[in-house]
Structures are given as C-alpha cells and as structure tokens.
$ cat run.pdb   # PDB, C-alpha atoms
ATOM      1  CA  MET I   1     183.516  12.083  15.796
ATOM      2  CA  GLN I   2     182.982  12.855  12.148
ATOM      3  CA  LEU I   3     179.366  12.945  10.983
ATOM      4  CA  LYS I   4     180.268  10.532   8.185
ATOM      5  CA  LYS I   5     181.271   7.884  10.747
ATOM      6  CA  ILE I   6     178.148   8.576  12.853
ATOM      7  CA  VAL I   7     175.884   8.136   9.827
ATOM      8  CA  ALA I   8     177.547   4.788   9.044
ATOM      9  CA  GLU I   9     177.600   3.479  12.623
ATOM     10  CA  LEU I  10     173.967   4.392  13.355
ATOM     11  CA  ASP I  11     172.657   3.547   9.905
ATOM     12  CA  LEU I  12     171.150   7.014   9.432
ATOM     13  CA  LYS I  13     169.462   8.470   6.374
ATOM     14  CA  VAL I  14     170.961  11.741   5.173
ATOM     15  CA  LEU I  15     168.061  14.036   4.289
ATOM     16  CA  ALA I  16     170.074  17.245   3.942
ATOM     17  CA  GLY I  17     173.706  18.281   4.212
ATOM     18  CA  ALA I  18     175.327  15.310   2.420
ATOM     19  CA  LYS I  19     178.284  17.564   1.542
ATOM     20  CA  GLN I  20     178.889  18.555   5.158
ATOM     21  CA  LEU I  21     179.514  15.119   6.607
ATOM     22  CA  GLU I  22     183.215  15.882   7.145
ATOM     23  CA  ARG I  23     182.009  18.060  10.017
ATOM     24  CA  GLU I  24     183.002  16.991  13.547
ATOM     25  CA  ALA I  25     180.355  16.535  16.231
ATOM     26  CA  GLN I  26     180.974  16.508  19.940
ATOM     27  CA  GLY I  27     178.419  15.819  22.661
ATOM     28  CA  CYS I  28     174.709  15.484  22.243
ATOM     29  CA  TYR I  29     171.445  17.013  23.392
ATOM     30  CA  ILE I  30     168.029  15.342  23.456
ATOM     31  CA  ALA I  31     164.757  17.294  23.627
ATOM     32  CA  ASP I  32     161.603  17.964  21.650
ATOM     33  CA  LEU I  33     160.538  21.212  23.289
ATOM     34  CA  LEU I  34     162.311  23.793  21.184
ATOM     35  CA  SER I  35     162.351  26.351  23.981
ATOM     36  CA  CYS I  36     164.469  23.846  25.972
ATOM     37  CA  VAL I  37     166.729  23.229  22.997
ATOM     38  CA  MET I  38     167.316  26.948  22.550
ATOM     39  CA  ALA I  39     168.403  27.182  26.183
ATOM     40  CA  GLY I  40     170.362  23.943  26.389
ATOM     41  CA  VAL I  41     172.015  22.849  23.148
ATOM     42  CA  GLN I  42     175.684  23.721  22.549
ATOM     43  CA  PRO I  43     177.335  24.498  19.198
ATOM     44  CA  GLY I  44     178.773  21.378  17.573
ATOM     45  CA  GLN I  45     176.452  18.955  19.369
ATOM     46  CA  LEU I  46     174.230  16.317  17.814
ATOM     47  CA  TRP I  47     170.589  17.031  18.558
ATOM     48  CA  PHE I  48     168.150  14.108  18.802
ATOM     49  CA  THR I  49     164.468  14.919  18.485
ATOM     50  CA  LEU I  50     161.049  13.780  17.346
ATOM     51  CA  GLN I  51     160.038  17.341  16.544
ATOM     52  CA  THR I  52     159.983  17.956  12.789
ATOM     53  CA  HIS I  53     158.456  21.417  12.527
ATOM     54  CA  LEU I  54     160.237  23.882  10.235
ATOM     55  CA  ASN I  55     161.498  25.719  13.323
ATOM     56  CA  ILE I  56     163.998  22.919  14.112
ATOM     57  CA  ILE I  57     166.057  24.139  11.159
ATOM     58  CA  ALA I  58     166.058  27.768  12.295
ATOM     59  CA  ILE I  59     167.200  26.701  15.750
ATOM     60  CA  ALA I  60     169.880  24.304  14.491
ATOM     61  CA  SER I  61     171.219  26.982  12.179
ATOM     62  CA  MET I  62     171.148  29.731  14.800
ATOM     63  CA  LEU I  63     172.846  27.585  17.457
ATOM     64  CA  GLU I  64     175.297  25.903  15.062
ATOM     65  CA  VAL I  65     174.225  22.377  15.895
ATOM     66  CA  ALA I  66     176.452  19.797  14.122
ATOM     67  CA  ALA I  67     173.435  17.801  12.941
ATOM     68  CA  ILE I  68     169.801  17.114  13.770
ATOM     69  CA  VAL I  69     168.913  13.445  14.135
ATOM     70  CA  VAL I  70     165.162  12.852  13.846
ATOM     71  CA  THR I  71     164.377   9.471  15.393
ATOM     72  CA  GLU I  72     161.664   6.812  14.998
ATOM     73  CA  ASP I  73     161.289   7.687  11.330
ATOM     74  CA  ALA I  74     159.101  10.639  12.347
ATOM     75  CA  PRO I  75     157.612  12.025   9.133
ATOM     76  CA  ILE I  76     159.360  15.188   7.976
ATOM     77  CA  ALA I  77     157.575  17.663   5.715
ATOM     78  CA  PRO I  78     159.369  18.516   2.448
ATOM     79  CA  ALA I  79     159.462  22.183   3.543
ATOM     80  CA  THR I  80     161.620  21.234   6.532
ATOM     81  CA  VAL I  81     164.077  19.291   4.348
ATOM     82  CA  GLU I  82     164.240  22.111   1.796
ATOM     83  CA  LYS I  83     164.895  24.638   4.539
ATOM     84  CA  ALA I  84     167.707  22.452   5.917
ATOM     85  CA  MET I  85     169.311  22.354   2.461
ATOM     86  CA  ALA I  86     168.965  26.110   2.081
ATOM     87  CA  GLU I  87     170.428  26.817   5.526
ATOM     88  CA  GLY I  88     173.258  24.280   5.330
ATOM     89  CA  VAL I  89     171.871  22.294   8.247
ATOM     90  CA  VAL I  90     172.686  18.574   8.355
ATOM     91  CA  LEU I  91     169.405  16.705   8.787
ATOM     92  CA  LEU I  92     169.620  12.985   9.547
ATOM     93  CA  SER I  93     166.939  10.405  10.257
ATOM     94  CA  SER I  94     166.979   7.212  12.299
ATOM     95  CA  ALA I  95     164.454   4.395  12.035
ATOM     96  CA  GLU I  96     164.994   3.496  15.686
ATOM     97  CA  PRO I  97     163.759   5.282  18.811
ATOM     98  CA  THR I  98     166.028   7.821  20.471
ATOM     99  CA  TYR I  99     167.265   5.510  23.231
ATOM    100  CA  GLU I 100     168.399   2.774  20.854
ATOM    101  CA  THR I 101     169.969   5.294  18.493
ATOM    102  CA  VAL I 102     171.946   6.961  21.269
ATOM    103  CA  ALA I 103     172.936   3.576  22.734
ATOM    104  CA  LYS I 104     174.517   2.660  19.381
ATOM    105  CA  LEU I 105     176.339   5.970  19.375
ATOM    106  CA  ILE I 106     177.844   5.239  22.773
ATOM    107  CA  GLN I 107     178.786   1.708  21.699
ATOM    108  CA  ALA I 108     180.582   3.249  18.724
ATOM    109  CA  GLY I 109     182.816   5.081  21.202
ATOM    110  CA  TYR I 110     181.279   8.522  20.864
TER
ATOM    111  CA  MET E 111     130.060  23.754  33.788
ATOM    112  CA  ILE E 112     126.596  22.992  32.405
ATOM    113  CA  PRO E 113     125.155  25.343  29.764
ATOM    114  CA  PRO E 114     122.635  27.354  31.881
ATOM    115  CA  LEU E 115     125.273  27.979  34.566
ATOM    116  CA  ILE E 116     127.860  29.060  32.003
ATOM    117  CA  VAL E 117     125.334  31.529  30.576
ATOM    118  CA  ASP E 118     124.266  32.845  34.011
ATOM    119  CA  GLU E 119     127.844  33.252  35.188
ATOM    120  CA  SER E 120     128.850  35.026  31.965
ATOM    121  CA  LEU E 121     125.943  37.473  32.229
ATOM    122  CA  HIS E 122     126.652  37.981  35.932
ATOM    123  CA  LYS E 123     130.277  38.842  35.092
ATOM    124  CA  GLY E 124     129.113  41.332  32.443
ATOM    125  CA  LEU E 125     130.447  39.411  29.462
ATOM    126  CA  ASP E 126     128.902  39.986  26.029
ATOM    127  CA  ILE E 127     130.751  37.309  24.057
ATOM    128  CA  ILE E 128     132.156  33.971  25.104
ATOM    129  CA  ALA E 129     133.504  31.086  23.038
ATOM    130  CA  ILE E 130     133.162  27.385  23.799
ATOM    131  CA  THR E 131     136.473  25.773  22.919
ATOM    132  CA  ASP E 132     136.777  22.190  24.098
ATOM    133  CA  HIS E 133     139.929  20.256  23.303
ATOM    134  CA  ASN E 134     139.670  18.950  19.725
ATOM    135  CA  ALA E 135     135.886  18.908  20.180
ATOM    136  CA  THR E 136     132.885  21.084  19.371
ATOM    137  CA  ALA E 137     129.913  18.925  20.375
ATOM    138  CA  ASN E 138     128.974  20.989  23.435
ATOM    139  CA  ALA E 139     128.848  24.370  21.710
ATOM    140  CA  ALA E 140     125.284  23.899  20.430
ATOM    141  CA  ALA E 141     123.796  23.454  23.898
ATOM    142  CA  VAL E 142     125.480  26.594  25.266
ATOM    143  CA  MET E 143     124.434  28.622  22.211
ATOM    144  CA  GLU E 144     120.871  27.463  22.722
ATOM    145  CA  ALA E 145     120.972  28.185  26.460
ATOM    146  CA  ALA E 146     122.131  31.732  25.690
ATOM    147  CA  HIS E 147     119.421  32.326  23.108
ATOM    148  CA  GLY E 148     117.493  35.502  23.918
ATOM    149  CA  THR E 149     119.747  36.491  26.841
ATOM    150  CA  GLY E 150     121.953  38.962  24.988
ATOM    151  CA  LEU E 151     125.027  36.761  25.450
ATOM    152  CA  THR E 152     126.730  35.717  22.227
ATOM    153  CA  VAL E 153     128.287  32.259  22.253
ATOM    154  CA  LEU E 154     130.796  31.549  19.511
ATOM    155  CA  PRO E 155     131.329  27.885  18.700
ATOM    156  CA  GLY E 156     134.986  26.929  18.583
ATOM    157  CA  MET E 157     137.676  24.416  19.374
ATOM    158  CA  GLU E 158     141.020  24.338  21.120
ATOM    159  CA  LEU E 159     142.779  22.257  18.514
ATOM    160  CA  GLN E 160     145.945  20.472  19.535
ATOM    161  CA  ALA E 161     147.993  20.339  16.358
ATOM    162  CA  GLN E 162     150.579  17.660  15.579
ATOM    163  CA  GLU E 163     153.360  19.809  17.023
ATOM    164  CA  GLU E 164     151.464  19.528  20.350
ATOM    165  CA  VAL E 165     150.646  23.224  20.264
ATOM    166  CA  ASP E 166     147.129  24.443  21.096
ATOM    167  CA  LEU E 167     145.320  26.643  18.601
ATOM    168  CA  LEU E 168     142.001  28.387  19.272
ATOM    169  CA  CYS E 169     139.664  28.088  16.284
ATOM    170  CA  LEU E 170     136.602  30.352  16.508
ATOM    171  CA  PHE E 171     133.561  30.435  14.250
ATOM    172  CA  ASP E 172     130.228  32.229  13.852
ATOM    173  CA  THR E 173     128.019  29.255  13.173
ATOM    174  CA  LEU E 174     127.580  25.669  14.289
ATOM    175  CA  GLU E 175     127.749  24.585  10.663
ATOM    176  CA  GLN E 176     131.286  25.975  10.356
ATOM    177  CA  ALA E 177     132.298  24.378  13.651
ATOM    178  CA  MET E 178     130.846  21.023  12.663
ATOM    179  CA  SER E 179     132.535  21.200   9.300
ATOM    180  CA  TRP E 180     135.850  21.806  11.084
ATOM    181  CA  GLN E 181     135.122  18.927  13.465
ATOM    182  CA  SER E 182     134.562  16.620  10.512
ATOM    183  CA  GLN E 183     138.048  17.510   9.256
ATOM    184  CA  VAL E 184     139.675  17.070  12.679
ATOM    185  CA  THR E 185     138.040  13.853  13.914
ATOM    186  CA  PRO E 186     139.707  11.552  11.338
ATOM    187  CA  LEU E 187     143.074  13.086  12.309
ATOM    188  CA  LEU E 188     142.825  12.262  16.013
ATOM    189  CA  LEU E 189     145.013   9.526  17.493
ATOM    190  CA  PRO E 190     143.213   6.184  16.982
ATOM    191  CA  LEU E 191     142.672   5.654  20.697
ATOM    192  CA  GLU E 192     139.652   5.491  22.953
ATOM    193  CA  ASN E 193     139.350   7.853  25.891
ATOM    194  CA  ASP E 194     140.154   6.270  29.256
ATOM    195  CA  PRO E 195     137.655   8.005  31.577
ATOM    196  CA  GLU E 196     139.539   6.857  34.699
ATOM    197  CA  HIS E 197     142.670   8.742  33.686
ATOM    198  CA  PHE E 198     141.361  11.601  31.597
ATOM    199  CA  GLY E 199     137.822  11.999  32.911
ATOM    200  CA  PRO E 200     134.609  11.229  31.038
ATOM    201  CA  GLN E 201     133.806  13.297  27.960
ATOM    202  CA  PHE E 202     130.101  14.085  28.249
ATOM    203  CA  VAL E 203     127.929  15.793  25.677
ATOM    204  CA  VAL E 204     125.019  17.572  27.360
ATOM    205  CA  ASP E 205     121.823  19.259  26.244
ATOM    206  CA  THR E 206     120.840  22.858  26.801
ATOM    207  CA  GLU E 207     119.773  22.149  30.405
ATOM    208  CA  GLY E 208     122.898  20.167  31.137
ATOM    209  CA  ASN E 209     121.306  16.725  30.909
ATOM    210  CA  PHE E 210     123.458  13.833  29.720
ATOM    211  CA  VAL E 211     123.144  13.151  25.984
ATOM    212  CA  ARG E 212     126.061  10.808  25.318
ATOM    213  CA  GLU E 213     129.650  10.074  26.234
ATOM    214  CA  GLU E 214     132.253  10.708  23.531
ATOM    215  CA  LEU E 215     134.709   7.850  23.146
ATOM    216  CA  TYR E 216     137.287   9.459  20.848
ATOM    217  CA  PHE E 217     140.552  10.308  22.570
ATOM    218  CA  TYR E 218     140.217  14.082  22.393
ATOM    219  CA  GLN E 219     143.258  14.717  24.619
ATOM    220  CA  GLY E 220     145.996  13.937  22.145
ATOM    221  CA  PRO E 221     147.206  15.876  19.128
ATOM    222  CA  ALA E 222     145.388  15.798  15.800
ATOM    223  CA  GLN E 223     147.692  14.874  12.936
ATOM    224  CA  ILE E 224     147.608  18.241  11.200
ATOM    225  CA  SER E 225     150.309  20.892  11.238
ATOM    226  CA  LEU E 226     149.632  24.313  12.731
ATOM    227  CA  GLU E 227     150.022  25.952   9.344
ATOM    228  CA  GLU E 228     147.610  23.568   7.601
ATOM    229  CA  ALA E 229     145.093  23.925  10.425
ATOM    230  CA  ALA E 230     145.223  27.722  10.219
ATOM    231  CA  ARG E 231     144.628  27.630   6.468
ATOM    232  CA  ALA E 232     141.684  25.238   6.853
ATOM    233  CA  VAL E 233     140.043  27.316   9.607
ATOM    234  CA  HIS E 234     140.457  30.472   7.528
ATOM    235  CA  ALA E 235     138.938  28.711   4.520
ATOM    236  CA  LEU E 236     135.845  28.102   6.667
ATOM    237  CA  GLY E 237     135.770  31.774   7.701
ATOM    238  CA  GLY E 238     137.068  31.233  11.235
ATOM    239  CA  LEU E 239     139.626  32.991  13.439
ATOM    240  CA  VAL E 240     142.951  31.387  14.383
ATOM    241  CA  ILE E 241     144.573  32.262  17.701
ATOM    242  CA  PRO E 242     147.448  30.231  19.188
ATOM    243  CA  ALA E 243     146.519  29.669  22.845
ATOM    244  CA  HIS E 244     148.630  30.474  25.947
ATOM    245  CA  ILE E 245     151.697  30.886  23.743
ATOM    246  CA  THR E 246     154.250  31.216  26.546
ATOM    247  CA  ARG E 247     153.228  28.064  28.413
ATOM    248  CA  PRO E 248     155.937  25.363  28.308
ATOM    249  CA  ALA E 249     153.384  22.639  27.551
ATOM    250  CA  LYS E 250     151.214  23.071  24.482
ATOM    251  CA  GLY E 251     152.052  26.759  24.124
ATOM    252  CA  LEU E 252     153.480  27.783  20.764
ATOM    253  CA  LEU E 253     156.646  29.433  22.081
ATOM    254  CA  GLY E 254     157.217  26.710  24.672
ATOM    255  CA  VAL E 255     157.094  23.955  22.090
ATOM    256  CA  LEU E 256     158.446  25.659  18.981
ATOM    257  CA  GLY E 257     160.803  28.173  20.576
ATOM    258  CA  LEU E 258     160.381  30.742  17.825
ATOM    259  CA  TRP E 259     157.356  32.074  15.975
ATOM    260  CA  PRO E 260     156.797  29.837  12.898
ATOM    261  CA  PRO E 261     157.378  31.931   9.767
ATOM    262  CA  HIS E 262     154.433  30.616   7.745
ATOM    263  CA  LEU E 263     151.691  30.520  10.374
ATOM    264  CA  GLU E 264     148.724  32.717   9.444
ATOM    265  CA  ALA E 265     147.355  33.644  12.870
ATOM    266  CA  ASP E 266     144.867  36.431  13.589
ATOM    267  CA  ALA E 267     146.147  37.073  17.120
ATOM    268  CA  ALA E 268     148.021  35.318  19.901
ATOM    269  CA  GLU E 269     146.796  34.635  23.416
ATOM    270  CA  VAL E 270     149.167  35.504  26.253
ATOM    271  CA  SER E 271     148.813  34.727  29.927
ATOM    272  CA  SER E 272     147.030  37.230  32.143
ATOM    273  CA  ARG E 273     150.225  37.340  34.219
ATOM    274  CA  LEU E 274     152.069  38.841  31.280
ATOM    275  CA  ARG E 275     151.101  42.231  29.888
ATOM    276  CA  PRO E 276     151.206  42.308  26.081
ATOM    277  CA  SER E 277     153.981  44.923  26.281
ATOM    278  CA  GLU E 278     156.003  42.661  28.579
ATOM    279  CA  ALA E 279     155.451  39.747  26.215
ATOM    280  CA  ARG E 280     156.875  41.780  23.329
ATOM    281  CA  HIS E 281     159.835  42.781  25.474
ATOM    282  CA  ARG E 282     160.529  39.218  26.578
ATOM    283  CA  TYR E 283     159.971  37.697  23.124
ATOM    284  CA  PRO E 284     161.295  40.335  20.726
ATOM    285  CA  PHE E 285     160.911  37.974  17.754
ATOM    286  CA  LEU E 286     157.100  37.952  18.147
ATOM    287  CA  PRO E 287     155.562  39.151  14.891
ATOM    288  CA  ASP E 288     153.470  42.294  14.809
ATOM    289  CA  LEU E 289     150.168  40.612  15.575
ATOM    290  CA  PRO E 290     147.524  41.421  18.182
ATOM    291  CA  LEU E 291     148.112  39.989  21.659
ATOM    292  CA  ILE E 292     144.993  39.208  23.681
ATOM    293  CA  THR E 293     144.126  37.467  26.956
ATOM    294  CA  ASN E 294     141.300  35.042  27.674
ATOM    295  CA  SER E 295     140.202  33.304  30.849
ATOM    296  CA  ASP E 296     140.612  29.778  29.412
ATOM    297  CA  ALA E 297     138.034  28.961  32.102
ATOM    298  CA  HIS E 298     137.660  25.307  33.036
ATOM    299  CA  TRP E 299     135.489  26.160  36.067
ATOM    300  CA  LEU E 300     132.662  28.660  36.552
ATOM    301  CA  ASP E 301     134.547  30.815  39.045
ATOM    302  CA  THR E 302     137.376  31.546  36.609
ATOM    303  CA  LEU E 303     134.988  32.445  33.784
ATOM    304  CA  GLY E 304     135.572  36.053  32.765
ATOM    305  CA  GLN E 305     138.328  36.621  35.330
ATOM    306  CA  VAL E 306     140.555  37.533  32.427
ATOM    307  CA  ARG E 307     139.193  39.137  29.318
ATOM    308  CA  THR E 308     139.861  41.299  26.298
ATOM    309  CA  ILE E 309     137.592  44.282  25.574
ATOM    310  CA  TYR E 310     136.468  44.725  21.974
ATOM    311  CA  SER E 311     134.655  47.647  20.395
ATOM    312  CA  LEU E 312     132.428  46.077  17.734
ATOM    313  CA  ALA E 313     129.333  46.889  15.675
ATOM    314  CA  ALA E 314     128.096  43.311  16.142
ATOM    315  CA  PRO E 315     129.331  40.194  17.944
ATOM    316  CA  THR E 316     130.681  38.380  14.888
ATOM    317  CA  ILE E 317     133.957  36.892  13.699
ATOM    318  CA  ALA E 318     134.163  39.506  10.927
ATOM    319  CA  GLU E 319     133.856  42.310  13.493
ATOM    320  CA  LEU E 320     136.411  40.668  15.795
ATOM    321  CA  ARG E 321     138.800  40.491  12.869
ATOM    322  CA  LEU E 322     138.306  44.213  12.199
ATOM    323  CA  ALA E 323     138.809  45.022  15.880
ATOM    324  CA  LEU E 324     142.004  42.979  16.133
ATOM    325  CA  HIS E 325     143.428  45.081  13.320
ATOM    326  CA  SER E 326     141.880  48.368  14.499
ATOM    327  CA  ILE E 327     140.028  48.882  11.209
ATOM    328  CA  ASP E 328     136.963  51.095  10.625
ATOM    329  CA  GLY E 329     136.788  52.386  14.168
ATOM    330  CA  ARG E 330     136.776  48.912  15.712
ATOM    331  CA  SER E 331     139.360  48.307  18.381
ATOM    332  CA  PHE E 332     140.396  46.126  21.290
ATOM    333  CA  TYR E 333     142.420  46.425  24.467
ATOM    334  CA  VAL E 334     143.602  44.210  27.271
ATOM    335  CA  PRO E 335     142.433  45.736  30.553
TER
END
$ encode --input "run.pdb" --output "structure tokens"
Amino acid sequence: MQLKKIVAELDLKVLAGAKQLEREAQGCYIADLLSCVMAGVQPGQLWFTLQTHLNIIAIASMLEVAAIVVTEDAPIAPATVEKAMAEGVVLLSSAEPTYETVAKLIQAGY
Amino acid sequence: MIPPLIVDESLHKGLDIIAITDHNATANAAAVMEAAHGTGLTVLPGMELQAQEEVDLLCLFDTLEQAMSWQSQVTPLLLPLENDPEHFGPQFVVDTEGNFVREELYFYQGPAQISLEEAARAVHALGGLVIPAHITRPAKGLLGVLGLWPPHLEADAAEVSSRLRPSEARHRYPFLPDLPLITNSDAHWLDTLGQVRTIYSLAAPTIAELRLALHSIDGRSFYVP
C-alpha cells in the first residue's frame, strides 16, 4: 500500500519525508527495543514504535524501512525530525496507541 | 546491605573505592560515606539514572553536594507515581548504622523524563562522570535498547558485563566508539560486592583522577582484570 493512502486512512501526521509518500510499504514490524528492530525488521516494512531517540532514524535508514510510525503522540525531539529529513526517512506520528493504529491499518485492507 | 556491612565487606574484599548508585536516588550515599569515614575506603556518591529511553546511566560524583544537586534535577522528572512497596519493595533511607530514617515514596523504578544526552551534559556540568551501565543487557542496557551507540552522547566510559571481555565486546559490537570499557559488580547483595572490578592506578581516589585514568593520562591507567 502506498504511504500516501496509509497516512490518509490512519490519520497520521507527516513529520518528515512528505515528498516520499509515493513509496510502497509492505508488512509491518512493532518493537521499541532497537536491538530487536535491527534483527527483525525487513526492508519496505512499516515500523511502529514509541521509541523516539535519534537512533531510530539511523536504523530506519540503514534497514530501508518504508516509514516509522511513532504512536501515542510520543514527543519527538527536533533533532530526530531533522535527522529524518536529512536521511530521507519518512517519519509519521499517530495520536492513537499502537494497537488501535494497527487495527485501522488492517481494516483498511493492508 | 546496611552501611557498616557494605564498608566491612568492601574492606574485606580489598576494595579501595566503591560507589553507591541507587536507581534514580542518592539518599543513602551519605550514610555509607559516613560509615567509611576513617577506614581508608573511599565511597563516591552516585546514581544509576534511568533516562527516558529506559537506558541506565551511572552518574558518579566526588561530593554529596554534587549528588544532591543532581538529585534535585532528577526528582521533578520522575514519573508522577508513588512506589508500591508490595510489588517493588520498600525504599528505605537508613543512617550510618543502618537504622531506619524514612521510607521514600517517589517511584524510583521508572525512567526520569530526561534524554541520555541531556543527562550526560548535566552530570558533566556538575563535575561528575557519566558511564552507561551494563550496555549489552537487553533491558535497560544502552545497546539493547538503542541498538547502536548514540552519536551525541558524551560518556566517559561504558560498563560491560563481567562475562564479556572488553576485547570481545569490541569484536561483537564493532560500532562501539573508542571509549574506555570497564566492569563493575553492580552488587545488590553483600556477597556479590567486589566480585567484579576494574583496577585503577590513581594519585588520589577522586573523579578527576578516575577521568585521567580512563584516558591513560599523566601516568594514570586502568585495566579490567
């Protein structure tokens, strides 16, 4: 599914990567421990997390994640957003908790 | 783990310097420092801060004033919860003989709402040392939680498990920056006190000397036995 459609269906805020929303995403991975993400996430997946440390951008970039979705409106430091812009990482934010956000995604036919 | 027993056990194990680093708390350091007075054992007041990333950071100081100043910055950043002694155990403050002084009600278990990088800067501003604790542990260890070394973290050293030689740690985590790797006992019980240690060659048991030793400056040095 195209990121553009995911953003609309889940009512996400686009914090970085507005120009890359034509990108296709397939599958998703959910974890906050970045050592788990490094071992488990696949290129092209959506990654749902509450972790907002700068390192999420390095990992998303390295592992070619389609987009990071930070849930529950977890506060994100400006440095993390700036790094996402610099690295071409799509950084999205959801006001709802992870479960509800992912449930909407499934309802949308993802 | 009452102050006179901590001091006796440390001396018995041949330790010269220990640090008291309770989780997000410093209130018990004074009693251990006092209990060690005149024994030759140096007790550094400190804290094992849990930062907002849920990563533990050792913060070590020379004086109680520095530690208390750090505590006054951390306490307002703790989760606004009360400790539940049934689940997490009571948080006692004791005097130099180990007698009950008071029970702390703040929820010291959770993370303080300060980033690792900000915490490191604040501890350095007070003159303290910053050492991420048990970095390879999946829970609350820097590499377990953050996967990679954070590029802007100003740490003085990193603590690795005693089961992992520093050379093995560098081999297994090749992205580790060129910073000193040390081991500590992280003792929660008397019998584990001093089981694991780092040997420092210092002119005096101070934070400034430890900093020199960690960087092998002016003839100071350290090694992990």
$ atom_distance --input "run.pdb" --atom1 "CA of Ala67 in chain I" --atom2 "CA of Val255 in chain E"
19.7 Å
$ resolve_selection --input "run.pdb" --expression "the ChimeraX specification (/I :<12) & /E" --output "VMD selection string"
chain E and resid 161 to 165 223 to 228 245 to 263 283
$ resolve_selection --input "run.pdb" --expression "the PyMOL selection byres ((chain E and resi 284-298) around 7)" --output "list in words"
Trp259, Ala267, Ala268, Glu269, Val270, Ser271, Ser272, Pro276, Arg280, His281, Arg282, Tyr283, Trp299, Leu300, Thr302, Leu303, Gly304, Gln305, Val306, Arg307, Thr308, Leu324 and Val334 of chain E
$ residues_near_point --input "run.pdb" --point "(176.4, 5.9, 17.3)" --cutoff "12 Å" --atoms "only C-alpha atoms" --output "VMD selection string"
chain I and resid 1 to 12 25 to 28 46 48 69 94 96 98 to 110
$ atom_distance --input "run.pdb" --atom1 "CA of His325 in chain E" --atom2 "CA of Glu158 in chain E"
22.3 Å
$ closest_residue --input "run.pdb" --among "E:Gln183, E:Cys169, E:His133, E:Val204" --to "Ala145 in chain E" --atoms "all atoms listed in the file"
E:Val204
$ residues_around --input "run.pdb" --residues "Asp132 in chain E" --least-positions-apart "2" --cutoff "8 Å" --atoms "only C-alpha atoms" --output "mmCIF file with C-alpha atoms, in the coordinates of the input"
data_model
loop_
_atom_site.group_PDB
_atom_site.id
_atom_site.type_symbol
_atom_site.label_atom_id
_atom_site.label_comp_id
_atom_site.auth_asym_id
_atom_site.auth_seq_id
_atom_site.Cartn_x
_atom_site.Cartn_y
_atom_site.Cartn_z
ATOM 1 C CA ILE E 130 133.162 27.385 23.799
ATOM 2 C CA ASN E 134 139.670 18.950 19.725
ATOM 3 C CA ALA E 135 135.886 18.908 20.180
ATOM 4 C CA THR E 136 132.885 21.084 19.371
ATOM 5 C CA ASN E 138 128.974 20.989 23.435
ATOM 6 C CA GLY E 156 134.986 26.929 18.583
ATOM 7 C CA MET E 157 137.676 24.416 19.374
ATOM 8 C CA GLU E 158 141.020 24.338 21.120
#
$ resolve_selection --input "run.pdb" --expression "the PyMOL selection byres ((chain E and resi 179) around 12)" --output "NGL selection string"
:E and (135-137 or 155-157 or 171 or 173-178 or 180-185 or 232-233 or 235-238)
$ residues_near_point --input "run.pdb" --point "(179.3, 16.6, 0.5)" --cutoff "12 Å" --atoms "all atoms listed in the file" --output "mmCIF file with C-alpha atoms, in the frame of the given file"
data_model
loop_
_atom_site.group_PDB
_atom_site.id
_atom_site.type_symbol
_atom_site.label_atom_id
_atom_site.label_comp_id
_atom_site.auth_asym_id
_atom_site.auth_seq_id
_atom_site.Cartn_x
_atom_site.Cartn_y
_atom_site.Cartn_z
ATOM 1 C CA LEU I 3 179.366 12.945 10.983
ATOM 2 C CA LYS I 4 180.268 10.532 8.185
ATOM 3 C CA VAL I 14 170.961 11.741 5.173
ATOM 4 C CA ALA I 16 170.074 17.245 3.942
ATOM 5 C CA GLY I 17 173.706 18.281 4.212
ATOM 6 C CA ALA I 18 175.327 15.310 2.420
ATOM 7 C CA LYS I 19 178.284 17.564 1.542
ATOM 8 C CA GLN I 20 178.889 18.555 5.158
ATOM 9 C CA LEU I 21 179.514 15.119 6.607
ATOM 10 C CA GLU I 22 183.215 15.882 7.145
ATOM 11 C CA ARG I 23 182.009 18.060 10.017
ATOM 12 C CA MET I 85 169.311 22.354 2.461
ATOM 13 C CA GLY I 88 173.258 24.280 5.330
ATOM 14 C CA VAL I 90 172.686 18.574 8.355
#
$ closest_residue --input "run.pdb" --among "I:Pro43, I:Leu92, I:Lys13, I:Ile30" --to "Met62 in chain I" --atoms "only C-alpha atoms"
I:Pro43
$ closest_residue --input "run.pdb" --among "I:Ser61, I:Leu15, I:Glu72, I:Val41" --to "Leu91 in chain I" --atoms "all atoms listed in the file"
I:Leu15
$ atom_distance --input "run.pdb" --atom1 "CA of Ala74 in chain I" --atom2 "CA of Ala222 in chain E"
15.1 Å
$ decode --input "run.pdb" --residues "range 169-190 of chain E" --atoms "C-alpha atoms" --output "compact mmCIF listing (two decimals), in the first residue's frame"
# COMPACT_ATOMS: atom_id res chain seq x y z
CA CYS E 169 26.43 9.16 37.38
CA LEU E 170 29.36 9.43 39.80
CA PHE E 171 30.42 12.40 41.90
CA ASP E 172 33.02 13.41 44.48
CA THR E 173 30.78 15.16 46.96
CA LEU E 174 27.33 14.80 48.47
CA GLU E 175 26.57 18.37 47.43
CA GLN E 176 27.05 17.44 43.76
CA ALA E 177 24.95 14.30 44.18
CA MET E 178 22.18 16.19 45.93
CA SER E 179 22.23 18.87 43.29
CA TRP E 180 21.82 16.16 40.64
CA GLN E 181 19.01 14.58 42.67
CA SER E 182 17.20 17.91 42.76
CA GLN E 183 17.29 17.98 38.95
CA VAL E 184 16.14 14.36 38.60
CA THR E 185 13.34 14.17 41.18
CA PRO E 186 10.94 16.51 39.33
CA LEU E 187 11.48 14.41 36.19
CA LEU E 188 10.41 11.10 37.74
CA LEU E 189 7.09 9.54 36.75
CA PRO E 190 4.37 11.07 38.97
